[in-house]
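Enquirer: Sending over my_file.txt (compact mmCIF, C-alpha atoms and all ligand atoms).
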```txt
# COMPACT_ATOMS: atom_id res chain seq x y z
CA MET A 1 5.27 -30.51 38.06
CA ASN A 2 1.58 -30.94 38.64
CA ILE A 3 0.31 -32.30 41.93
CA HIS A 4 -3.12 -33.57 42.92
CA GLU A 5 -5.72 -31.71 44.97
CA TYR A 6 -5.14 -33.86 48.05
CA GLN A 7 -1.39 -33.18 47.87
CA ALA A 8 -1.87 -29.44 47.40
CA LYS A 9 -4.27 -29.46 50.36
CA GLU A 10 -1.60 -31.12 52.49
CA ILE A 11 0.82 -28.29 51.67
CA LEU A 12 -1.86 -25.69 52.45
CA ARG A 13 -2.61 -27.40 55.77
CA GLN A 14 1.06 -27.22 56.70
CA HIS A 15 0.85 -23.47 56.20
CA GLY A 16 -2.16 -23.16 58.48
CA ILE A 17 -4.92 -22.85 55.89
CA PRO A 18 -8.18 -24.39 57.12
CA VAL A 19 -8.89 -27.36 54.86
CA PRO A 20 -11.42 -30.11 55.61
CA PRO A 21 -9.84 -33.50 56.36
CA GLY A 22 -9.70 -36.06 53.57
CA GLU A 23 -8.16 -39.32 52.46
CA ILE A 24 -7.52 -41.16 49.25
CA ALA A 25 -9.42 -44.26 48.11
CA ARG A 26 -8.45 -46.44 45.17
CA THR A 27 -11.48 -48.72 45.38
CA PRO A 28 -15.20 -48.18 46.05
CA GLU A 29 -14.87 -50.21 49.27
CA GLU A 30 -12.14 -47.95 50.59
CA ALA A 31 -14.32 -44.93 49.81
CA GLU A 32 -17.20 -46.56 51.70
CA ARG A 33 -14.98 -47.24 54.73
CA LEU A 34 -13.72 -43.63 54.77
CA ALA A 35 -17.26 -42.26 54.45
CA ARG A 36 -18.30 -44.40 57.42
CA GLU A 37 -15.37 -43.07 59.47
CA TYR A 38 -16.25 -39.45 58.70
CA GLY A 39 -19.99 -40.01 59.15
CA GLY A 40 -22.65 -37.78 57.56
CA MET A 41 -22.41 -36.35 54.07
CA THR A 42 -19.16 -36.76 52.19
CA VAL A 43 -17.78 -35.61 48.84
CA VAL A 44 -16.05 -38.06 46.53
CA LYS A 45 -13.64 -36.28 44.19
CA ALA A 46 -11.67 -37.49 41.17
CA GLN A 47 -7.92 -36.86 41.57
CA VAL A 48 -6.55 -36.04 38.14
CA HIS A 49 -4.30 -33.28 36.87
CA ALA A 50 -7.18 -31.36 35.33
CA GLY A 51 -9.66 -28.71 36.38
CA GLY A 52 -13.39 -28.75 35.69
CA ARG A 53 -13.88 -32.08 37.42
CA GLY A 54 -17.17 -30.95 38.89
CA LYS A 55 -18.64 -30.25 35.45
CA ALA A 56 -17.26 -33.55 34.12
CA GLY A 57 -19.09 -35.50 36.84
CA GLY A 58 -15.93 -36.13 38.84
CA VAL A 59 -17.15 -34.51 42.09
CA LYS A 60 -20.12 -36.16 43.80
CA LEU A 61 -21.89 -35.60 47.09
CA ALA A 62 -22.72 -38.79 48.97
CA ALA A 63 -25.39 -38.93 51.71
CA ASP A 64 -24.11 -42.14 53.33
CA PRO A 65 -21.33 -44.75 53.02
CA ALA A 66 -23.21 -46.77 50.39
CA ALA A 67 -23.65 -43.64 48.27
CA ALA A 68 -19.93 -42.87 48.65
CA ARG A 69 -19.13 -46.38 47.42
CA ASP A 70 -21.41 -45.93 44.42
CA ALA A 71 -19.95 -42.50 43.66
CA ALA A 72 -16.40 -43.91 43.81
CA ALA A 73 -17.39 -46.85 41.58
CA ASN A 74 -18.73 -44.31 39.14
CA ILE A 75 -15.75 -41.96 39.23
CA LEU A 76 -12.88 -44.47 39.34
CA GLY A 77 -11.92 -45.33 35.78
CA MET A 78 -13.68 -42.25 34.44
CA GLU A 79 -11.82 -40.16 31.83
CA ILE A 80 -11.54 -36.43 32.46
CA LYS A 81 -9.84 -34.41 29.72
CA GLY A 82 -8.11 -37.56 28.49
CA LEU A 83 -6.89 -38.58 31.96
CA THR A 84 -8.09 -41.76 33.65
CA VAL A 85 -9.08 -41.46 37.30
CA ASP A 86 -7.25 -44.02 39.46
CA ARG A 87 -7.94 -42.51 42.89
CA VAL A 88 -10.57 -40.39 44.60
CA LEU A 89 -10.44 -38.06 47.56
CA VAL A 90 -13.11 -38.71 50.19
CA THR A 91 -13.80 -35.70 52.37
CA PRO A 92 -16.58 -34.60 54.73
CA ALA A 93 -19.05 -32.37 52.88
CA VAL A 94 -19.53 -28.82 54.05
CA GLU A 95 -22.55 -26.53 53.78
CA ILE A 96 -21.69 -23.79 51.33
CA ARG A 97 -22.97 -20.27 51.84
CA SER A 98 -20.77 -18.64 49.20
CA GLU A 99 -17.88 -19.54 46.91
CA ALA A 100 -14.92 -17.27 46.18
CA TYR A 101 -11.86 -17.66 44.00
CA VAL A 102 -8.28 -17.03 45.20
CA GLY A 103 -5.28 -17.74 43.00
CA ILE A 104 -1.64 -16.74 42.58
CA VAL A 105 0.22 -17.27 39.36
CA LEU A 106 3.72 -16.37 38.29
CA ASP A 107 3.32 -13.60 35.75
CA ARG A 108 6.29 -13.59 33.43
CA ALA A 109 5.42 -10.17 31.97
CA SER A 110 5.62 -8.33 35.31
CA GLN A 111 8.08 -10.89 36.71
CA ARG A 112 5.98 -11.12 39.84
CA PRO A 113 3.53 -13.44 41.51
CA VAL A 114 0.11 -12.02 40.72
CA PHE A 115 -2.93 -12.58 42.90
CA MET A 116 -6.33 -12.93 41.34
CA VAL A 117 -9.36 -12.99 43.59
CA SER A 118 -13.06 -12.95 42.89
CA ALA A 119 -16.22 -13.12 44.94
CA GLU A 120 -17.70 -15.04 42.03
CA GLY A 121 -15.71 -18.22 42.57
CA GLY A 122 -16.70 -21.80 41.84
CA VAL A 123 -16.94 -23.85 38.71
CA ASP A 124 -17.70 -20.91 36.41
CA ILE A 125 -14.61 -18.81 37.12
CA GLU A 126 -13.29 -19.19 33.54
CA GLU A 127 -16.57 -17.79 32.26
CA VAL A 128 -16.42 -14.90 34.74
CA ALA A 129 -12.92 -14.10 33.46
CA VAL A 130 -14.31 -13.75 29.94
CA THR A 131 -17.74 -12.21 30.46
CA ASN A 132 -17.15 -10.13 33.58
CA PRO A 133 -13.40 -9.49 33.98
CA ASP A 134 -14.10 -6.61 36.39
CA ALA A 135 -15.31 -9.17 38.92
CA ILE A 136 -11.69 -10.30 39.27
CA THR A 137 -9.29 -8.20 41.36
CA ARG A 138 -5.60 -8.46 40.44
CA PHE A 139 -2.60 -7.59 42.55
CA ALA A 140 1.09 -8.08 41.70
CA VAL A 141 3.24 -8.85 44.75
CA ASP A 142 6.68 -7.31 45.03
CA PRO A 143 8.70 -10.41 45.92
CA ARG A 144 11.28 -8.32 47.80
CA TYR A 145 8.75 -7.51 50.52
CA GLY A 146 6.29 -10.37 50.11
CA LEU A 147 2.59 -9.86 50.68
CA LEU A 148 2.15 -7.21 53.35
CA PRO A 149 -0.73 -7.45 55.87
CA HIS A 150 -2.63 -4.45 54.51
CA GLN A 151 -2.36 -5.91 51.01
CA SER A 152 -3.82 -9.30 51.98
CA MET A 153 -6.56 -7.45 53.88
CA GLY A 154 -7.25 -5.36 50.76
CA LEU A 155 -7.67 -8.51 48.70
CA ALA A 156 -9.90 -10.03 51.38
CA PHE A 157 -12.17 -6.95 51.30
CA ALA A 158 -12.59 -7.48 47.56
CA LEU A 159 -14.27 -10.76 48.55
CA TYR A 160 -16.24 -9.97 51.71
CA ASP A 161 -17.80 -6.85 53.25
CA ASP A 162 -18.03 -8.52 56.62
CA ILE A 163 -14.97 -7.78 58.77
CA GLU A 164 -14.97 -11.24 60.42
CA LEU A 165 -14.99 -13.01 57.05
CA ALA A 166 -12.41 -10.60 55.64
CA ARG A 167 -10.05 -11.29 58.57
CA GLN A 168 -10.26 -15.04 57.98
CA ALA A 169 -9.82 -14.62 54.23
CA SER A 170 -6.83 -12.32 54.77
CA ARG A 171 -5.10 -15.01 56.85
CA ILE A 172 -5.79 -17.60 54.14
CA ILE A 173 -4.54 -15.30 51.38
CA SER A 174 -1.38 -14.54 53.27
CA ALA A 175 -0.78 -18.23 54.08
CA LEU A 176 -1.41 -19.11 50.44
CA TYR A 177 1.35 -16.70 49.44
CA ASP A 178 3.71 -18.33 51.96
CA ALA A 179 2.82 -21.80 50.67
CA TYR A 180 3.36 -20.65 47.08
CA VAL A 181 6.83 -19.29 47.86
CA ALA A 182 7.90 -22.16 50.14
CA ALA A 183 6.82 -24.82 47.65
CA GLY A 184 8.48 -23.11 44.68
CA ALA A 185 5.10 -22.98 42.98
CA THR A 186 4.25 -21.28 39.70
CA LEU A 187 0.55 -21.50 40.50
CA ALA A 188 -1.50 -21.92 43.67
CA GLU A 189 -5.24 -21.76 43.47
CA VAL A 190 -8.13 -22.21 45.89
CA ASN A 191 -11.43 -22.48 44.03
CA PRO A 192 -13.69 -22.40 45.80
CA MET A 193 -12.74 -20.77 49.06
CA ILE A 194 -16.06 -21.01 50.84
CA VAL A 195 -17.99 -19.64 53.77
CA ASP A 196 -19.76 -22.47 55.58
CA ASP A 197 -23.03 -22.34 57.51
CA THR A 198 -21.21 -21.39 60.72
CA GLY A 199 -19.40 -18.43 59.14
CA VAL A 200 -16.04 -20.18 58.80
CA VAL A 201 -13.91 -19.58 55.70
CA LEU A 202 -12.40 -22.79 54.30
CA ALA A 203 -10.42 -23.98 51.27
CA ILE A 204 -12.35 -26.90 49.77
CA ASP A 205 -10.42 -27.25 46.51
CA ALA A 206 -6.74 -26.64 45.81
CA LYS A 207 -4.46 -26.75 42.83
CA MET A 208 -0.70 -26.20 42.69
CA ASN A 209 1.93 -26.38 39.99
CA ILE A 210 5.51 -26.65 41.19
CA ASP A 211 8.48 -25.27 39.28
CA ASP A 212 10.55 -28.30 38.23
CA ASN A 213 13.68 -26.30 38.88
CA ALA A 214 12.72 -25.82 42.55
CA LEU A 215 12.14 -29.51 43.24
CA PHE A 216 15.74 -30.31 44.12
CA ARG A 217 15.34 -28.47 47.41
CA MET A 218 12.10 -30.20 48.33
CA PRO A 219 12.36 -33.99 48.22
CA GLU A 220 9.03 -34.21 50.08
CA ILE A 221 7.29 -32.47 47.18
CA GLU A 222 9.28 -34.34 44.52
CA ALA A 223 7.95 -37.52 46.21
CA MET A 224 4.42 -36.37 45.35
CA ARG A 225 5.13 -36.89 41.66
CA ASP A 226 2.49 -39.09 40.08
CA THR A 227 4.41 -40.79 37.30
CA GLU A 228 1.25 -42.48 36.03
CA ALA A 229 -0.27 -39.10 35.31
CA GLU A 230 2.78 -37.82 33.44
CA ASP A 231 3.13 -37.55 29.71
CA PRO A 232 5.12 -40.70 28.72
CA ALA A 233 7.56 -38.79 26.50
CA GLU A 234 8.26 -36.16 29.16
CA LYS A 235 8.68 -38.87 31.78
CA LYS A 236 11.18 -40.75 29.61
CA ALA A 237 13.07 -37.53 28.91
CA ARG A 238 13.24 -36.64 32.59
CA GLU A 239 14.54 -40.11 33.48
CA ALA A 240 17.19 -39.86 30.76
CA GLY A 241 18.26 -36.40 31.97
CA LEU A 242 17.00 -34.58 28.87
CA SER A 243 14.96 -31.39 28.74
CA TYR A 244 12.10 -32.11 26.38
CA ILE A 245 8.98 -30.16 25.55
CA GLN A 246 6.64 -31.47 22.91
CA LEU A 247 5.29 -28.98 20.39
CA ASP A 248 2.96 -29.54 17.47
CA GLY A 249 5.23 -29.17 14.43
CA ASP A 250 6.91 -31.85 12.31
CA VAL A 251 10.66 -31.17 12.52
CA GLY A 252 12.07 -33.24 15.37
CA CYS A 253 14.95 -31.27 16.90
CA CYS A 254 17.84 -32.78 18.82
CA VAL A 255 20.18 -30.09 20.11
CA ASN A 256 22.74 -29.59 22.85
CA GLY A 257 22.21 -26.58 25.07
CA ALA A 258 18.97 -24.74 25.77
CA GLY A 259 20.09 -21.57 23.97
CA LEU A 260 21.07 -23.41 20.82
CA ALA A 261 17.83 -25.41 21.00
CA MET A 262 15.86 -22.16 21.10
CA ALA A 263 17.91 -20.69 18.25
CA THR A 264 17.36 -23.87 16.22
CA MET A 265 13.61 -23.67 16.71
CA ASP A 266 13.66 -20.01 15.67
CA LEU A 267 15.57 -20.88 12.52
CA VAL A 268 13.18 -23.74 11.70
CA LYS A 269 10.34 -21.20 11.89
CA TYR A 270 12.34 -18.67 9.89
CA TYR A 271 12.70 -21.14 7.03
CA GLY A 272 8.98 -21.87 7.04
CA GLY A 273 9.03 -25.06 9.09
CA SER A 274 7.58 -25.94 12.44
CA PRO A 275 9.50 -27.63 15.29
CA ALA A 276 8.01 -30.79 16.78
CA ASN A 277 9.80 -30.27 20.05
CA PHE A 278 12.35 -28.54 22.17
CA LEU A 279 15.01 -31.04 23.16
CA ASP A 280 18.26 -30.34 24.93
CA ILE A 281 20.53 -33.35 25.33
CA GLY A 282 22.57 -31.35 27.82
CA GLY A 283 26.25 -30.72 28.26
CA SER A 284 27.75 -34.11 28.90
CA SER A 285 27.41 -36.29 25.84
CA ASN A 286 26.63 -39.83 26.74
CA PRO A 287 25.65 -41.82 23.62
CA ASP A 288 22.77 -43.30 25.64
CA LYS A 289 21.23 -39.85 25.91
CA VAL A 290 21.21 -39.56 22.13
CA VAL A 291 19.54 -42.96 21.87
CA ALA A 292 16.89 -41.90 24.40
CA ALA A 293 16.42 -38.61 22.53
CA LEU A 294 15.84 -40.42 19.23
CA GLU A 295 13.44 -42.85 20.86
CA ILE A 296 11.42 -39.92 22.21
CA ILE A 297 11.45 -37.97 18.94
CA THR A 298 10.51 -40.96 16.79
CA ALA A 299 7.65 -41.88 19.15
CA ASP A 300 5.95 -38.61 18.13
CA SER A 301 3.93 -39.53 15.05
CA ASN A 302 3.88 -35.90 13.84
CA VAL A 303 7.61 -35.90 13.20
CA LYS A 304 8.51 -36.04 9.50
CA ALA A 305 12.23 -35.34 9.69
CA ILE A 306 14.89 -35.32 12.39
CA LEU A 307 17.35 -32.49 12.74
CA PHE A 308 20.52 -32.67 14.82
CA ASN A 309 22.27 -29.45 15.68
CA ILE A 310 25.30 -30.02 17.89
CA PHE A 311 27.85 -27.45 18.90
CA GLY A 312 30.61 -29.46 20.53
CA GLY A 313 32.22 -28.00 23.62
CA ILE A 314 31.99 -30.23 26.65
CA THR A 315 29.69 -32.27 24.45
CA ARG A 316 31.93 -34.27 22.14
CA CYS A 317 30.70 -34.58 18.57
CA ASP A 318 32.02 -38.17 18.26
CA ASP A 319 29.94 -39.23 21.28
CA VAL A 320 26.85 -37.79 19.63
CA ALA A 321 27.76 -39.50 16.33
CA ASN A 322 28.16 -42.82 18.16
CA GLY A 323 24.80 -42.25 19.81
CA ILE A 324 23.15 -41.68 16.42
CA VAL A 325 24.72 -44.85 14.97
CA GLU A 326 23.80 -46.83 18.09
CA ALA A 327 20.22 -45.57 18.00
CA THR A 328 19.72 -46.55 14.37
CA LYS A 329 20.88 -50.05 15.26
CA ARG A 330 18.55 -50.32 18.25
CA ILE A 331 15.49 -48.66 16.77
CA ASP A 332 14.08 -48.77 13.30
CA ILE A 333 14.05 -45.15 12.16
CA ALA A 334 12.16 -44.64 8.92
CA LEU A 335 12.51 -40.85 9.00
CA PRO A 336 15.16 -38.81 7.22
CA ILE A 337 17.89 -37.58 9.57
CA THR A 338 19.90 -34.48 8.90
CA ILE A 339 22.91 -33.66 11.03
CA ARG A 340 25.07 -30.69 11.77
CA LEU A 341 28.02 -31.07 14.10
CA THR A 342 30.78 -28.66 14.79
CA GLY A 343 33.33 -28.22 17.56
CA THR A 344 35.07 -30.77 19.79
CA ASN A 345 36.02 -33.95 17.85
CA GLU A 346 34.08 -32.82 14.82
CA ARG A 347 36.38 -34.65 12.38
CA GLU A 348 36.08 -37.97 14.22
CA ALA A 349 32.32 -37.54 14.31
CA ILE A 350 32.07 -36.93 10.59
CA GLU A 351 34.15 -40.06 9.91
CA ILE A 352 31.95 -42.19 12.17
CA LEU A 353 28.82 -40.90 10.48
CA GLN A 354 30.18 -41.34 6.95
CA ALA A 355 31.28 -44.90 7.73
CA ASN A 356 27.66 -45.56 8.66
CA GLY A 357 26.04 -43.95 5.66
CA PHE A 358 25.19 -40.53 7.11
CA THR A 359 26.33 -37.18 5.85
CA ALA A 360 27.04 -34.45 8.31
CA MET A 361 27.10 -30.73 7.73
CA THR A 362 28.84 -28.04 9.66
CA ASP A 363 26.63 -25.09 8.76
CA MET A 364 23.59 -24.41 10.89
CA ASP A 365 21.68 -22.48 8.23
CA GLU A 366 22.07 -25.26 5.71
CA VAL A 367 21.09 -28.07 8.03
CA VAL A 368 17.96 -26.27 9.18
CA LYS A 369 16.91 -25.48 5.57
CA ARG A 370 17.42 -29.11 4.69
CA GLY A 371 15.55 -30.38 7.75
CA VAL A 372 12.59 -28.13 6.91
CA ALA A 373 12.63 -29.27 3.25
CA LEU A 374 12.78 -32.94 4.24
CA ALA A 375 9.83 -32.53 6.60
CA ALA A 376 7.84 -30.73 3.90
CA GLY A 377 8.71 -33.42 1.32
CA ALA A 378 7.77 -36.23 3.62
CA ALA A 379 4.55 -34.43 4.55
CA GLY A 380 3.66 -34.13 0.87
CA GLY A 381 4.02 -37.88 0.51
CA GLY A 382 6.77 -37.49 -2.14
CA ALA A 383 9.16 -40.34 -2.87
P1 LIG B 1 -13.44 -28.68 40.20
O1 LIG B 1 -14.73 -28.68 39.45
O2 LIG B 1 -12.44 -29.59 39.58
O3 LIG B 1 -12.89 -27.31 40.39
O4 LIG B 1 -13.75 -29.29 41.67
P2 LIG B 1 -14.19 -28.57 43.04
O5 LIG B 1 -13.51 -29.23 44.15
O6 LIG B 1 -13.99 -27.10 42.96
O7 LIG B 1 -15.71 -28.89 43.15
C1 LIG B 1 -16.65 -28.37 42.24
C2 LIG B 1 -17.88 -27.86 42.96
O8 LIG B 1 -18.47 -28.90 43.74
C3 LIG B 1 -17.60 -26.76 43.96
O9 LIG B 1 -17.53 -25.49 43.36
C4 LIG B 1 -18.80 -26.88 44.88
O10 LIG B 1 -19.89 -26.17 44.36
C5 LIG B 1 -19.10 -28.37 44.86
N1 LIG B 1 -18.58 -28.96 46.10
C6 LIG B 1 -17.32 -29.42 46.32
N2 LIG B 1 -17.18 -29.82 47.61
C7 LIG B 1 -18.37 -29.58 48.20
C8 LIG B 1 -18.87 -29.74 49.54
O11 LIG B 1 -18.20 -30.19 50.48
N3 LIG B 1 -20.17 -29.39 49.77
C9 LIG B 1 -20.95 -28.89 48.78
N4 LIG B 1 -22.19 -28.55 49.09
N5 LIG B 1 -20.53 -28.71 47.54
C10 LIG B 1 -19.26 -29.04 47.25
MN MN B 2 -12.41 -26.13 41.89
```
Using structure tokens, write down the structure that the file contains.
Ligand code: GDP
Ligand code: MN

Expert:
Amino acid sequence: MNIHEYQAKEILRQHGIPVPPGEIARTPEEAERLAREYGGMTVVKAQVHAGGRGKAGGVKLAADPAAARDAAANILGMEIKGLTVDRVLVTPAVEIRSEAYVGIVLDRASQRPVFMVSAEGGVDIEEVAVTNPDAITRFAVDPRYGLLPHQSMGLAFALYDDIELARQASRIISALYDAYVAAGATLAEVNPMIVDDTGVVLAIDAKMNIDDNALFRMPEIEAMRDTEAEDPAEKKAREAGLSYIQLDGDVGCCVNGAGLAMATMDLVKYYGGSPANFLDIGGSSNPDKVVAALEIITADSNVKAILFNIFGGITRCDDVANGIVEATKRIDIALPITIRLTGTNEREAIEILQANGFTAMTDMDEVVKRGVALAAGAAGGGA
């Protein structure tokens, strides 16, 4: 789950990281009021689940409350990377002496959280990563011991020669690791971490991604979910209790069980096709879940054929069959559907489907071949 900058900053604050104060405004007038409260220069910042806001014109310095109002009027409603800005963060501006980058990301290859830090932080960090990768220091944390003090100090010295600055940075780096672990994050990033004109090190931007599977233990973070910023299909899937990940192929897959869903996608690829999605309808087979699954799959305009692959265990094949029949009554599905069901109540399922004009197979290889062929035929515009 993605959270906004102001939400990530709240988590960092709770872990003792120095972050300037800030509040959210949804109208230019609110931004003006906040700017008046803070006094002096403020920064008005678009809150969207995307980086590069500064370059897109979504971060503006405002000299006085009227300027903050104008900046908010300008930013609210703006589109950044396809996302519409519906709120801005208003925060007192700081004088920036230097900008550094500090990030932790879960690295699946080493199976560890990996720190990346660079003295060349700021809006061009992606470019630094490409043109000057040596300017980025990497360090994989052994999660059994966590980040040890000498390790955070080592990372801090990669950023600052000055011992006072390095001590402050080391505390921030170590607190960032704690926040990352406590929040169940897969990414925590401060860019830029700055030194202000009084020699204080501060986090003035923050980004965190939270592992969906960790949310159950943190209702306070789950409550940060911005449903307006979510992908509509993924939102619908989550609400229906389905695991759904959209891909860019044309074979819509509806499968029970994550392992079988992965195997199905592999087989689609093997037979020369391309899956439009990963979709796991889960263990318990409620016909409503199948209806929701078909609504989600058919809403994806890339899908040319729908492929069911159900291995009935706890999931009962007849429930899935009823779901398919129900869905075709409720929604107008113009796409070819190919179905494989085997296992619990397979015979009943096949009868239900046949009575409603569907044919069902029991062989996985065959159904995938057929699904791929149907998608290819439909893509070619054949009759
Ligand atoms: P991003 O572009 O989405 O990463 O947004 P940031 O919050 O990182 O802001 C982009 C850039 O705006 C920063 O790298 C700073 O250079 C600048 N900026 C942000 N806040 C302030 C501030 O309080 N004072 C000054 N002088 N510049 C700021
Ligand atoms: Mn930034």

Enquirer: Pick from A:Ala50, A:Met116, A:Leu260, A:Ala25: nearest to ligand LIG 1 (chain B), with all atoms listed in the file counted?

Expert: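 Smallest separation from ligand LIG 1 (chain B) among the options: A:Ala50.
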
Enquirer: What gap, in Å, lies between CA of Gly257 (chain A) and CA of Val325 (chain A)?

Expert: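 One can read the CA of Gly257 (chain A) to CA of Val325 (chain A) distance as 21.0 Å.
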
Enquirer: Grab the CA of Gly103 (chain A) to CA of Glu79 (chain A) distance for me, in Å with one decimal place.

Expert: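 For CA of Gly103 (chain A) relative to CA of Glu79 (chain A), the distance reads 25.9 Å.
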
Enquirer: Box along x, y and z, 4 Å on every side, all listed atoms of region 219-238 of chain A inside: centre and edge lengths in Å to one decimal, as lines of an AutoDock Vina configuration file.

Expert:
```
center_x = 6.5
center_y = -37.5
center_z = 38.3
size_x = 21.5
size_y = 18.0
size_z = 31.6
```

Enquirer: How far is it from CA of Val372 (chain A) to CA of Gly249 (chain A), in Å with one decimal?

Expert: 10.6 Å

Enquirer: Residues within 12 Å of ligand MN 2 (chain B) (only C-alpha atoms and all ligand atoms), as a PDB file with C-alpha atoms, keeping the file's coordinate frame?

Expert:
```pdb
ATOM      1  CA  HIS A   4      -3.120 -33.570  42.920  1.00  0.00           C
ATOM      2  CA  GLU A   5      -5.720 -31.710  44.970  1.00  0.00           C
ATOM      3  CA  LYS A  45     -13.640 -36.280  44.190  1.00  0.00           C
ATOM      4  CA  ALA A  46     -11.670 -37.490  41.170  1.00  0.00           C
ATOM      5  CA  GLN A  47      -7.920 -36.860  41.570  1.00  0.00           C
ATOM      6  CA  HIS A  49      -4.300 -33.280  36.870  1.00  0.00           C
ATOM      7  CA  ALA A  50      -7.180 -31.360  35.330  1.00  0.00           C
ATOM      8  CA  GLY A  51      -9.660 -28.710  36.380  1.00  0.00           C
ATOM      9  CA  GLY A  52     -13.390 -28.750  35.690  1.00  0.00           C
ATOM     10  CA  ARG A  53     -13.880 -32.080  37.420  1.00  0.00           C
ATOM     11  CA  GLY A  54     -17.170 -30.950  38.890  1.00  0.00           C
ATOM     12  CA  LYS A  55     -18.640 -30.250  35.450  1.00  0.00           C
ATOM     13  CA  ALA A  56     -17.260 -33.550  34.120  1.00  0.00           C
ATOM     14  CA  GLY A  58     -15.930 -36.130  38.840  1.00  0.00           C
ATOM     15  CA  VAL A  59     -17.150 -34.510  42.090  1.00  0.00           C
ATOM     16  CA  GLU A  99     -17.880 -19.540  46.910  1.00  0.00           C
ATOM     17  CA  ALA A 100     -14.920 -17.270  46.180  1.00  0.00           C
ATOM     18  CA  TYR A 101     -11.860 -17.660  44.000  1.00  0.00           C
ATOM     19  CA  VAL A 102      -8.280 -17.030  45.200  1.00  0.00           C
ATOM     20  CA  GLY A 103      -5.280 -17.740  43.000  1.00  0.00           C
ATOM     21  CA  GLY A 121     -15.710 -18.220  42.570  1.00  0.00           C
ATOM     22  CA  GLY A 122     -16.700 -21.800  41.840  1.00  0.00           C
ATOM     23  CA  VAL A 123     -16.940 -23.850  38.710  1.00  0.00           C
ATOM     24  CA  ASP A 124     -17.700 -20.910  36.410  1.00  0.00           C
ATOM     25  CA  ILE A 125     -14.610 -18.810  37.120  1.00  0.00           C
ATOM     26  CA  GLU A 126     -13.290 -19.190  33.540  1.00  0.00           C
ATOM     27  CA  ALA A 188      -1.500 -21.920  43.670  1.00  0.00           C
ATOM     28  CA  GLU A 189      -5.240 -21.760  43.470  1.00  0.00           C
ATOM     29  CA  VAL A 190      -8.130 -22.210  45.890  1.00  0.00           C
ATOM     30  CA  ASN A 191     -11.430 -22.480  44.030  1.00  0.00           C
ATOM     31  CA  PRO A 192     -13.690 -22.400  45.800  1.00  0.00           C
ATOM     32  CA  MET A 193     -12.740 -20.770  49.060  1.00  0.00           C
ATOM     33  CA  ILE A 194     -16.060 -21.010  50.840  1.00  0.00           C
ATOM     34  CA  ALA A 203     -10.420 -23.980  51.270  1.00  0.00           C
ATOM     35  CA  ILE A 204     -12.350 -26.900  49.770  1.00  0.00           C
ATOM     36  CA  ASP A 205     -10.420 -27.250  46.510  1.00  0.00           C
ATOM     37  CA  ALA A 206      -6.740 -26.640  45.810  1.00  0.00           C
ATOM     38  CA  LYS A 207      -4.460 -26.750  42.830  1.00  0.00           C
ATOM     39  CA  MET A 208      -0.700 -26.200  42.690  1.00  0.00           C
TER      40      MET A 208
END
```

Enquirer: Go through A:Leu12, A:Arg69, A:Val94, A:Lys81 and flag the residue nearest ligand LIG 1 (chain B), using only C-alpha atoms and all ligand atoms for the distances.

Expert: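 Closest candidate: A:Val94.
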
Enquirer: I need the residue nearest Gly252 (chain A) from this list: A:Glu346, A:Glu295, A:Asp178, A:Asp134. Use all atoms listed in the file for the distance.

Expert: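 Residue with the minimum atom-to-atom distance to Gly252 (chain A): A:Glu295.
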
Enquirer: Rank A:Arg316, A:Lys60, A:Lys329, A:Lys269 by their smallest atom-to-atom distance to ligand LIG 1 (chain B), using all atoms listed in the file, and report the top residue only.

Expert: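 Checking each candidate against ligand LIG 1 (chain B), we get A:Lys60 as the closest.
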
Enquirer: Out of A:Glu120, A:Asp288, A:Glu326, A:Asp212, which residue has the shortest atom-to-atom distance to ligand LIG 1 (chain B) when counting all atoms listed in the file?

Expert: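 Of A:Glu120, A:Asp288, A:Glu326, A:Asp212, the one nearest ligand LIG 1 (chain B) is A:Glu120, counting all atoms listed in the file.
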
Enquirer: Counting only C-alpha atoms and all ligand atoms, which residue out of A:Arg144, A:Val195, A:Pro28, A:Gln111 sits closest to ligand LIG 1 (chain B)?

Expert: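 Residue with the minimum atom-to-atom distance to ligand LIG 1 (chain B): A:Val195.
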
Enquirer: Any idea what's packed within 8 Å of Ser152 (chain A), counting all atoms listed in the file, ignoring anything in its chain fewer than 6 positions away? Could you give it as a list in words?

Expert: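 Answer for this query is Ser170, Arg171, Ile173 and Ser174 of chain A.
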
Enquirer: Near Val255 (chain A), within 8 Å and counting only C-alpha atoms, which residues show up once chain neighbours fewer than 2 positions away are dropped, as number ranges by chain?

Expert: A: 253, 257-258, 260-261, 264, 279-281, 308-310

Enquirer: Write out as a PyMOL selection string each polymer residue whose atoms come within 9 Å of Thr27 (chain A), counting all atoms listed in the file; drop sequence neighbours fewer than 6 positions from it.

Expert: chain A and resi 69+72-73+76+86-88

Enquirer: Counting all atoms listed in the file, which residues have an atom no more than 10 Å from (-25.4, -38.6, 49.1) in the file's coordinates? Please list them as an mmCIF file with C-alpha atoms, keeping the file's coordinate frame.

Expert:
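Okay, point_38.cif is ready:
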```cif
data_model
loop_
_atom_site.group_PDB
_atom_site.id
_atom_site.type_symbol
_atom_site.label_atom_id
_atom_site.label_comp_id
_atom_site.auth_asym_id
_atom_site.auth_seq_id
_atom_site.Cartn_x
_atom_site.Cartn_y
_atom_site.Cartn_z
ATOM 1 C CA GLY A 40 -22.650 -37.780 57.560
ATOM 2 C CA MET A 41 -22.410 -36.350 54.070
ATOM 3 C CA THR A 42 -19.160 -36.760 52.190
ATOM 4 C CA VAL A 43 -17.780 -35.610 48.840
ATOM 5 C CA VAL A 44 -16.050 -38.060 46.530
ATOM 6 C CA LYS A 60 -20.120 -36.160 43.800
ATOM 7 C CA LEU A 61 -21.890 -35.600 47.090
ATOM 8 C CA ALA A 62 -22.720 -38.790 48.970
ATOM 9 C CA ALA A 63 -25.390 -38.930 51.710
ATOM 10 C CA ASP A 64 -24.110 -42.140 53.330
ATOM 11 C CA PRO A 65 -21.330 -44.750 53.020
ATOM 12 C CA ALA A 66 -23.210 -46.770 50.390
ATOM 13 C CA ALA A 67 -23.650 -43.640 48.270
ATOM 14 C CA ALA A 68 -19.930 -42.870 48.650
ATOM 15 C CA ASP A 70 -21.410 -45.930 44.420
ATOM 16 C CA ALA A 71 -19.950 -42.500 43.660
ATOM 17 C CA ALA A 93 -19.050 -32.370 52.880
#
```
